[in-house]
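A.B. asks: Below you'll find the structure I mean.
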Amino acid sequence: LAKTTQPISMDSYEGQEVNITCSHNNIATNDYITWYQQFPSQGPRFIIQGYKTKVTNEVASLFIPADRKSSTLSLPRVSLSDTAVYYCLVGLSMDTGRRALTFGSGTRLQVQP
Amino acid sequence: DTGVSQDPRHKITKRGQNVTFRCDPISEHNRLYWYRQTLGQGPEFLTYFQNEAQLEKSRLLSDRFSAERPKGSFSTLEIQRTEQGDSAMYLCASSRQVNEQFFGPGTRLTVL
């Protein structure tokens, strides 16, 4: 599985856009990029997944450059409730394979008022 | 059924005792996963079921650990002869596809 590198922590203020970048230099051709969010004392929650270019949903956007060696999770206008740990995962595919998720240490986002 | 449930939410036990945790997945999900999470780290995969078949086990799952999923519904994770190093959050997840897994709230185990 491709190794991922992301910042340990980030700070932001309410209303700002937050961009969390993840490096995955060894990403394989069939690998997708997936982001999860985890609040304290809760299990992780799926945010978004993409393969290339840009993906947007009601929660976030995911930007993936052409070489796919990195990706950026963008959270528009964060609020205090976005304070959480964000995990970047690489190595899954949309098929029905049985591989489990491999989490790193994640990025701890702290949103201040 | 609004999500994955786990029971108990908290368990305190003495070293050497056996403990069992239960996970009830989302009803239409045939895949079920167990993870372990320690403070400051991301979840680590333990084992995976597709229906009632246990298809994958991590090397983290020592012989003191056993998991079952009878009839492909709920699952149990048992730890025998607990050690202090077993103290962690045990998370269960279920899915239809591997990419989007739905996690339960976890069971926090403290071994004294």
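Residue numbering restarts at 1 for every chain of the structure tokens, chains are lettered A, B, ... in their displayed order, and ligands are numbered from 1 as they appear.
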Taking only residues of chain A that have an atom at most 12 Å from an atom of chain B, what is each one's shortest atom pair and its distance in Å to one decimal, using only C-alpha atoms, in chain and number order, as a tab-separated table?
C.D. replies:
residue	atom	partner	partner_atom	distance
A:Ile8	CA	B:Gly40	CA	10.3
A:Ser9	CA	B:Gly40	CA	11.6
A:Asp31	CA	B:Asn99	CA	10.8
A:Tyr32	CA	B:Asn99	CA	8.8
A:Ile33	CA	B:Asn99	CA	9.5
A:Thr34	CA	B:Asn99	CA	7.6
A:Trp35	CA	B:Glu100	CA	9.8
A:Tyr36	CA	B:Glu100	CA	9.2
A:Gln37	CA	B:Gly42	CA	10.8
A:Gln38	CA	B:Gly42	CA	9.4
A:Phe39	CA	B:Pro105	CA	10.2
A:Pro40	CA	B:Pro105	CA	10.0
A:Ser41	CA	B:Pro105	CA	7.0
A:Gln42	CA	B:Pro105	CA	4.8
A:Gly43	CA	B:Phe103	CA	5.1
A:Pro44	CA	B:Phe103	CA	6.1
A:Arg45	CA	B:Phe102	CA	6.7
A:Phe46	CA	B:Glu100	CA	6.1
A:Ile47	CA	B:Glu100	CA	8.9
A:Ile48	CA	B:Glu100	CA	8.9
A:Gln49	CA	B:Asn99	CA	8.2
A:Gly50	CA	B:Asn99	CA	10.6
A:Val85	CA	B:Gly42	CA	9.2
A:Tyr86	CA	B:Gly42	CA	9.7
A:Tyr87	CA	B:Gly42	CA	7.9
A:Cys88	CA	B:Gly42	CA	10.5
A:Leu89	CA	B:Asn99	CA	9.8
A:Val90	CA	B:Asn99	CA	10.1
A:Gly91	CA	B:Asn99	CA	9.5
A:Leu92	CA	B:Asn99	CA	6.2
A:Ser93	CA	B:Asn99	CA	6.8
A:Met94	CA	B:Asn99	CA	6.5
A:Asp95	CA	B:Gln97	CA	7.4
A:Thr96	CA	B:Gln97	CA	5.9
A:Gly97	CA	B:Val98	CA	6.7
A:Arg98	CA	B:Val98	CA	6.3
A:Arg99	CA	B:Val98	CA	6.7
A:Ala100	CA	B:Phe45	CA	6.6
A:Leu101	CA	B:Phe45	CA	7.0
A:Thr102	CA	B:Glu44	CA	6.8
A:Phe103	CA	B:Gly42	CA	5.2
A:Gly104	CA	B:Gly42	CA	5.5
A:Ser105	CA	B:Gly42	CA	4.9
A:Gly106	CA	B:Gly42	CA	6.7
A:Thr107	CA	B:Gly42	CA	10.1
A:Arg108	CA	B:Gly40	CA	9.6
A.B. asks: Contacts of range 15-27 of chain B at 6 Å or less, counting only C-alpha atoms, minus same-chain residues fewer than 4 places along, as number ranges by chain?
C.D. replies: B: 3-7, 74-83, 94, 111-112
A.B. asks: Hey, what's within 8 Å of Ser74 in chain A if we count only C-alpha atoms and toss same-chain stuff fewer than 2 positions away? As a PDB file with all heavy atoms, in the first residue's frame, please?
C.D. replies:
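So out.pdb came out as:
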ATOM      1  N   GLU A  17     -11.275  28.901   4.783  1.00  0.00           N
ATOM      2  CA  GLU A  17     -11.130  27.669   4.008  1.00  0.00           C
ATOM      3  C   GLU A  17      -9.867  26.960   4.497  1.00  0.00           C
ATOM      4  O   GLU A  17      -8.829  27.585   4.692  1.00  0.00           O
ATOM      5  CB  GLU A  17     -11.004  27.983   2.517  1.00  0.00           C
ATOM      6  CG  GLU A  17     -10.803  26.751   1.643  1.00  0.00           C
ATOM      7  CD  GLU A  17     -10.578  27.120   0.184  1.00  0.00           C
ATOM      8  OE1 GLU A  17      -9.476  27.607  -0.135  1.00  0.00           O
ATOM      9  OE2 GLU A  17     -11.508  26.928  -0.617  1.00  0.00           O
ATOM     10  N   VAL A  18      -9.984  25.673   4.675  1.00  0.00           N
ATOM     11  CA  VAL A  18      -8.840  24.885   5.138  1.00  0.00           C
ATOM     12  C   VAL A  18      -8.462  23.886   4.055  1.00  0.00           C
ATOM     13  O   VAL A  18      -9.324  23.178   3.520  1.00  0.00           O
ATOM     14  CB  VAL A  18      -9.171  24.138   6.444  1.00  0.00           C
ATOM     15  CG1 VAL A  18      -8.064  23.146   6.788  1.00  0.00           C
ATOM     16  CG2 VAL A  18      -9.354  25.138   7.583  1.00  0.00           C
ATOM     17  N   ASN A  19      -7.186  23.829   3.760  1.00  0.00           N
ATOM     18  CA  ASN A  19      -6.666  22.875   2.786  1.00  0.00           C
ATOM     19  C   ASN A  19      -5.651  21.966   3.466  1.00  0.00           C
ATOM     20  O   ASN A  19      -4.655  22.443   4.014  1.00  0.00           O
ATOM     21  CB  ASN A  19      -6.015  23.601   1.608  1.00  0.00           C
ATOM     22  CG  ASN A  19      -7.008  24.426   0.831  1.00  0.00           C
ATOM     23  OD1 ASN A  19      -8.059  23.934   0.435  1.00  0.00           O
ATOM     24  ND2 ASN A  19      -6.690  25.690   0.611  1.00  0.00           N
ATOM     25  N   ILE A  20      -5.888  20.691   3.430  1.00  0.00           N
ATOM     26  CA  ILE A  20      -4.977  19.710   4.016  1.00  0.00           C
ATOM     27  C   ILE A  20      -4.403  18.892   2.875  1.00  0.00           C
ATOM     28  O   ILE A  20      -5.139  18.238   2.134  1.00  0.00           O
ATOM     29  CB  ILE A  20      -5.689  18.778   5.012  1.00  0.00           C
ATOM     30  CG1 ILE A  20      -6.418  19.598   6.077  1.00  0.00           C
ATOM     31  CG2 ILE A  20      -4.679  17.841   5.656  1.00  0.00           C
ATOM     32  CD1 ILE A  20      -7.262  18.750   7.022  1.00  0.00           C
ATOM     33  N   ALA A  60     -16.992  18.599   1.230  1.00  0.00           N
ATOM     34  CA  ALA A  60     -15.620  18.984   0.921  1.00  0.00           C
ATOM     35  C   ALA A  60     -15.349  18.849  -0.567  1.00  0.00           C
ATOM     36  O   ALA A  60     -16.165  18.332  -1.331  1.00  0.00           O
ATOM     37  CB  ALA A  60     -14.651  18.084   1.709  1.00  0.00           C
ATOM     38  N   SER A  61     -14.155  19.315  -0.936  1.00  0.00           N
ATOM     39  CA  SER A  61     -13.637  19.104  -2.286  1.00  0.00           C
ATOM     40  C   SER A  61     -12.296  18.395  -2.182  1.00  0.00           C
ATOM     41  O   SER A  61     -11.568  18.567  -1.188  1.00  0.00           O
ATOM     42  CB  SER A  61     -13.464  20.424  -3.029  1.00  0.00           C
ATOM     43  OG  SER A  61     -14.714  21.040  -3.263  1.00  0.00           O
ATOM     44  N   LEU A  62     -12.003  17.619  -3.184  1.00  0.00           N
ATOM     45  CA  LEU A  62     -10.735  16.895  -3.229  1.00  0.00           C
ATOM     46  C   LEU A  62     -10.055  17.233  -4.549  1.00  0.00           C
ATOM     47  O   LEU A  62     -10.651  17.016  -5.619  1.00  0.00           O
ATOM     48  CB  LEU A  62     -10.983  15.391  -3.111  1.00  0.00           C
ATOM     49  CG  LEU A  62      -9.760  14.476  -3.158  1.00  0.00           C
ATOM     50  CD1 LEU A  62      -8.783  14.802  -2.037  1.00  0.00           C
ATOM     51  CD2 LEU A  62     -10.200  13.015  -3.061  1.00  0.00           C
ATOM     52  N   PHE A  63      -8.846  17.767  -4.455  1.00  0.00           N
ATOM     53  CA  PHE A  63      -8.088  18.149  -5.633  1.00  0.00           C
ATOM     54  C   PHE A  63      -6.925  17.179  -5.809  1.00  0.00           C
ATOM     55  O   PHE A  63      -6.133  16.973  -4.875  1.00  0.00           O
ATOM     56  CB  PHE A  63      -7.559  19.582  -5.499  1.00  0.00           C
ATOM     57  CG  PHE A  63      -8.644  20.607  -5.372  1.00  0.00           C
ATOM     58  CD1 PHE A  63      -9.124  20.990  -4.132  1.00  0.00           C
ATOM     59  CD2 PHE A  63      -9.204  21.179  -6.509  1.00  0.00           C
ATOM     60  CE1 PHE A  63     -10.130  21.936  -4.016  1.00  0.00           C
ATOM     61  CE2 PHE A  63     -10.210  22.123  -6.401  1.00  0.00           C
ATOM     62  CZ  PHE A  63     -10.675  22.503  -5.153  1.00  0.00           C
ATOM     63  N   THR A  72      -5.259  17.194  -2.121  1.00  0.00           N
ATOM     64  CA  THR A  72      -5.601  18.243  -1.156  1.00  0.00           C
ATOM     65  C   THR A  72      -7.075  18.171  -0.833  1.00  0.00           C
ATOM     66  O   THR A  72      -7.927  18.257  -1.731  1.00  0.00           O
ATOM     67  CB  THR A  72      -5.245  19.636  -1.701  1.00  0.00           C
ATOM     68  OG1 THR A  72      -3.836  19.707  -1.938  1.00  0.00           O
ATOM     69  CG2 THR A  72      -5.632  20.710  -0.692  1.00  0.00           C
ATOM     70  N   PRO A  76     -14.510  24.126   2.939  1.00  0.00           N
ATOM     71  CA  PRO A  76     -14.879  25.538   2.795  1.00  0.00           C
ATOM     72  C   PRO A  76     -15.501  26.090   4.069  1.00  0.00           C
ATOM     73  O   PRO A  76     -16.315  25.430   4.696  1.00  0.00           O
ATOM     74  CB  PRO A  76     -15.908  25.507   1.665  1.00  0.00           C
ATOM     75  CG  PRO A  76     -16.522  24.159   1.770  1.00  0.00           C
ATOM     76  CD  PRO A  76     -15.448  23.226   2.266  1.00  0.00           C
TER      77      PRO A  76
END
A.B. asks: Output as an MDAnalysis selection string all residues of chain A that backbone DSSP marks as strand (DSSP E).
C.D. replies: chainID A and resid 9:13 18:23 32:38 45:50 53:56 61:64 70:75 84:92 107:112
A.B. asks: Just the selected residues (N, CA and C atoms), exported as a short mmCIF file (atom, residue, chain, number, x, y, z; two decimals), in the first residue's frame, please.
C.D. replies:
data_model
loop_
_atom_site.label_atom_id
_atom_site.label_comp_id
_atom_site.auth_asym_id
_atom_site.auth_seq_id
_atom_site.Cartn_x
_atom_site.Cartn_y
_atom_site.Cartn_z
N SER A 9 -0.67 18.51 12.45
CA SER A 9 -1.74 19.37 12.95
C SER A 9 -1.85 20.64 12.12
N MET A 10 -3.02 21.25 12.20
CA MET A 10 -3.28 22.53 11.55
C MET A 10 -4.25 23.31 12.42
N ASP A 11 -4.10 24.64 12.37
CA ASP A 11 -5.02 25.52 13.09
C ASP A 11 -5.72 26.44 12.09
N SER A 12 -6.96 26.77 12.38
CA SER A 12 -7.70 27.67 11.52
C SER A 12 -8.72 28.43 12.36
N TYR A 13 -9.40 29.36 11.72
CA TYR A 13 -10.45 30.12 12.38
C TYR A 13 -11.76 29.87 11.67
N VAL A 18 -9.98 25.67 4.68
CA VAL A 18 -8.84 24.88 5.14
C VAL A 18 -8.46 23.89 4.05
N ASN A 19 -7.19 23.83 3.76
CA ASN A 19 -6.67 22.87 2.79
C ASN A 19 -5.65 21.97 3.47
N ILE A 20 -5.89 20.69 3.43
CA ILE A 20 -4.98 19.71 4.02
C ILE A 20 -4.40 18.89 2.87
N THR A 21 -3.07 18.93 2.75
CA THR A 21 -2.41 18.23 1.66
C THR A 21 -1.81 16.93 2.14
N CYS A 22 -1.95 15.92 1.34
CA CYS A 22 -1.41 14.59 1.63
C CYS A 22 -0.48 14.18 0.49
N SER A 23 0.70 13.69 0.83
CA SER A 23 1.65 13.20 -0.17
C SER A 23 1.57 11.69 -0.25
N TYR A 32 -7.25 4.57 -5.40
CA TYR A 32 -8.06 5.74 -5.15
C TYR A 32 -7.55 6.45 -3.90
N ILE A 33 -7.94 7.69 -3.75
CA ILE A 33 -7.57 8.51 -2.60
C ILE A 33 -8.84 8.79 -1.81
N THR A 34 -8.80 8.46 -0.53
CA THR A 34 -9.99 8.55 0.31
C THR A 34 -9.65 9.33 1.57
N TRP A 35 -10.57 10.15 2.01
CA TRP A 35 -10.39 10.91 3.24
C TRP A 35 -11.50 10.55 4.24
N TYR A 36 -11.07 10.37 5.50
CA TYR A 36 -11.99 10.13 6.59
C TYR A 36 -11.79 11.21 7.65
N GLN A 37 -12.84 11.43 8.42
CA GLN A 37 -12.84 12.40 9.52
C GLN A 37 -13.17 11.66 10.80
N GLN A 38 -12.48 12.03 11.89
CA GLN A 38 -12.78 11.38 13.16
C GLN A 38 -12.85 12.41 14.27
N ARG A 45 -15.35 8.72 9.92
CA ARG A 45 -16.49 8.89 9.02
C ARG A 45 -15.96 9.24 7.64
N PHE A 46 -16.46 8.55 6.62
CA PHE A 46 -16.06 8.80 5.24
C PHE A 46 -16.43 10.22 4.84
N ILE A 47 -15.46 10.93 4.22
CA ILE A 47 -15.74 12.28 3.72
C ILE A 47 -15.87 12.29 2.21
N ILE A 48 -14.82 11.82 1.53
CA ILE A 48 -14.77 11.97 0.09
C ILE A 48 -13.74 11.01 -0.49
N GLN A 49 -13.92 10.67 -1.74
CA GLN A 49 -12.98 9.81 -2.45
C GLN A 49 -12.85 10.28 -3.88
N GLY A 50 -11.61 10.15 -4.42
CA GLY A 50 -11.41 10.54 -5.80
C GLY A 50 -10.28 9.76 -6.43
N THR A 53 -8.19 14.61 -10.85
CA THR A 53 -8.75 15.97 -11.02
C THR A 53 -9.47 16.43 -9.76
N LYS A 54 -10.75 16.69 -9.86
CA LYS A 54 -11.46 17.29 -8.72
C LYS A 54 -12.76 16.56 -8.46
N VAL A 55 -13.01 16.37 -7.17
CA VAL A 55 -14.28 15.79 -6.74
C VAL A 55 -14.87 16.72 -5.69
N THR A 56 -16.15 16.95 -5.77
CA THR A 56 -16.80 17.83 -4.78
C THR A 56 -18.09 17.18 -4.30
N SER A 61 -14.15 19.32 -0.94
CA SER A 61 -13.64 19.10 -2.29
C SER A 61 -12.30 18.39 -2.18
N LEU A 62 -12.00 17.62 -3.18
CA LEU A 62 -10.73 16.89 -3.23
C LEU A 62 -10.05 17.23 -4.55
N PHE A 63 -8.85 17.77 -4.46
CA PHE A 63 -8.09 18.15 -5.63
C PHE A 63 -6.92 17.18 -5.81
N ILE A 64 -6.81 16.63 -7.00
CA ILE A 64 -5.77 15.66 -7.28
C ILE A 64 -5.05 16.09 -8.56
N SER A 70 0.05 13.60 -4.93
CA SER A 70 -0.45 14.28 -3.74
C SER A 70 -1.93 14.54 -3.94
N SER A 71 -2.58 14.94 -2.88
CA SER A 71 -3.98 15.35 -2.98
C SER A 71 -4.25 16.38 -1.89
N THR A 72 -5.26 17.19 -2.12
CA THR A 72 -5.60 18.24 -1.16
C THR A 72 -7.08 18.17 -0.83
N LEU A 73 -7.36 18.02 0.44
CA LEU A 73 -8.73 18.07 0.93
C LEU A 73 -9.04 19.52 1.27
N SER A 74 -10.10 20.04 0.71
CA SER A 74 -10.48 21.43 0.95
C SER A 74 -11.80 21.48 1.69
N LEU A 75 -11.80 22.14 2.84
CA LEU A 75 -13.01 22.32 3.64
C LEU A 75 -13.39 23.80 3.57
N ALA A 84 -11.38 18.16 14.26
CA ALA A 84 -11.35 16.70 14.18
C ALA A 84 -9.99 16.27 13.65
N VAL A 85 -9.81 14.96 13.55
CA VAL A 85 -8.63 14.41 12.89
C VAL A 85 -9.04 13.95 11.50
N TYR A 86 -8.25 14.30 10.52
CA TYR A 86 -8.54 13.97 9.12
C TYR A 86 -7.47 13.01 8.60
N TYR A 87 -7.94 11.90 8.06
CA TYR A 87 -7.04 10.86 7.58
C TYR A 87 -7.10 10.77 6.06
N CYS A 88 -5.93 10.69 5.45
CA CYS A 88 -5.79 10.46 4.02
C CYS A 88 -5.42 8.99 3.82
N LEU A 89 -6.14 8.28 2.99
CA LEU A 89 -5.87 6.88 2.73
C LEU A 89 -5.72 6.65 1.23
N VAL A 90 -4.76 5.82 0.90
CA VAL A 90 -4.51 5.47 -0.49
C VAL A 90 -4.39 3.97 -0.60
N GLY A 91 -4.95 3.42 -1.64
CA GLY A 91 -4.75 1.99 -1.85
C GLY A 91 -6.03 1.21 -1.97
N LEU A 92 -7.14 1.92 -2.00
CA LEU A 92 -8.40 1.23 -2.18
C LEU A 92 -8.84 1.37 -3.62
N THR A 107 -4.22 14.21 10.37
CA THR A 107 -3.98 15.64 10.63
C THR A 107 -5.02 16.12 11.62
N ARG A 108 -4.54 16.64 12.72
CA ARG A 108 -5.45 17.15 13.75
C ARG A 108 -5.77 18.61 13.44
N LEU A 109 -6.99 18.89 13.03
CA LEU A 109 -7.43 20.25 12.71
C LEU A 109 -8.12 20.86 13.92
N GLN A 110 -7.63 22.02 14.32
CA GLN A 110 -8.25 22.77 15.43
C GLN A 110 -8.80 24.06 14.86
N VAL A 111 -10.11 24.24 14.97
CA VAL A 111 -10.75 25.47 14.50
C VAL A 111 -11.06 26.35 15.70
N GLN A 112 -10.56 27.57 15.63
CA GLN A 112 -10.76 28.53 16.72
C GLN A 112 -11.88 29.51 16.37
#
A.B. asks: Write out as a count of residues only the residues lying within 6 Å of Glu14 in chain A, counting only C-alpha atoms and excluding same-chain residues fewer than 2 positions away.
C.D. replies: 4
A.B. asks: If you run DSSP over the backbone, which residues in range 19-102 of chain B end up helix (DSSP H, G or I)? Put them as a list of chain:residue names.
C.D. replies: B:Pro70, B:Lys71, B:Gly72, B:Gln84, B:Gly85, B:Asp86
A.B. asks: CA of Leu80 in chain A and CA of Gly15 in chain A are how many Å apart?
C.D. replies: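 That distance, rounded to one decimal, is 9.2 Å.
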A.B. asks: B:Asn30, B:Ser87, B:Thr13, B:Ser66: which is nearest Ala53 in chain B, counting only C-alpha atoms?
C.D. replies: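 The shortest atom-to-atom distance to Ala53 in chain B comes from B:Asn30.
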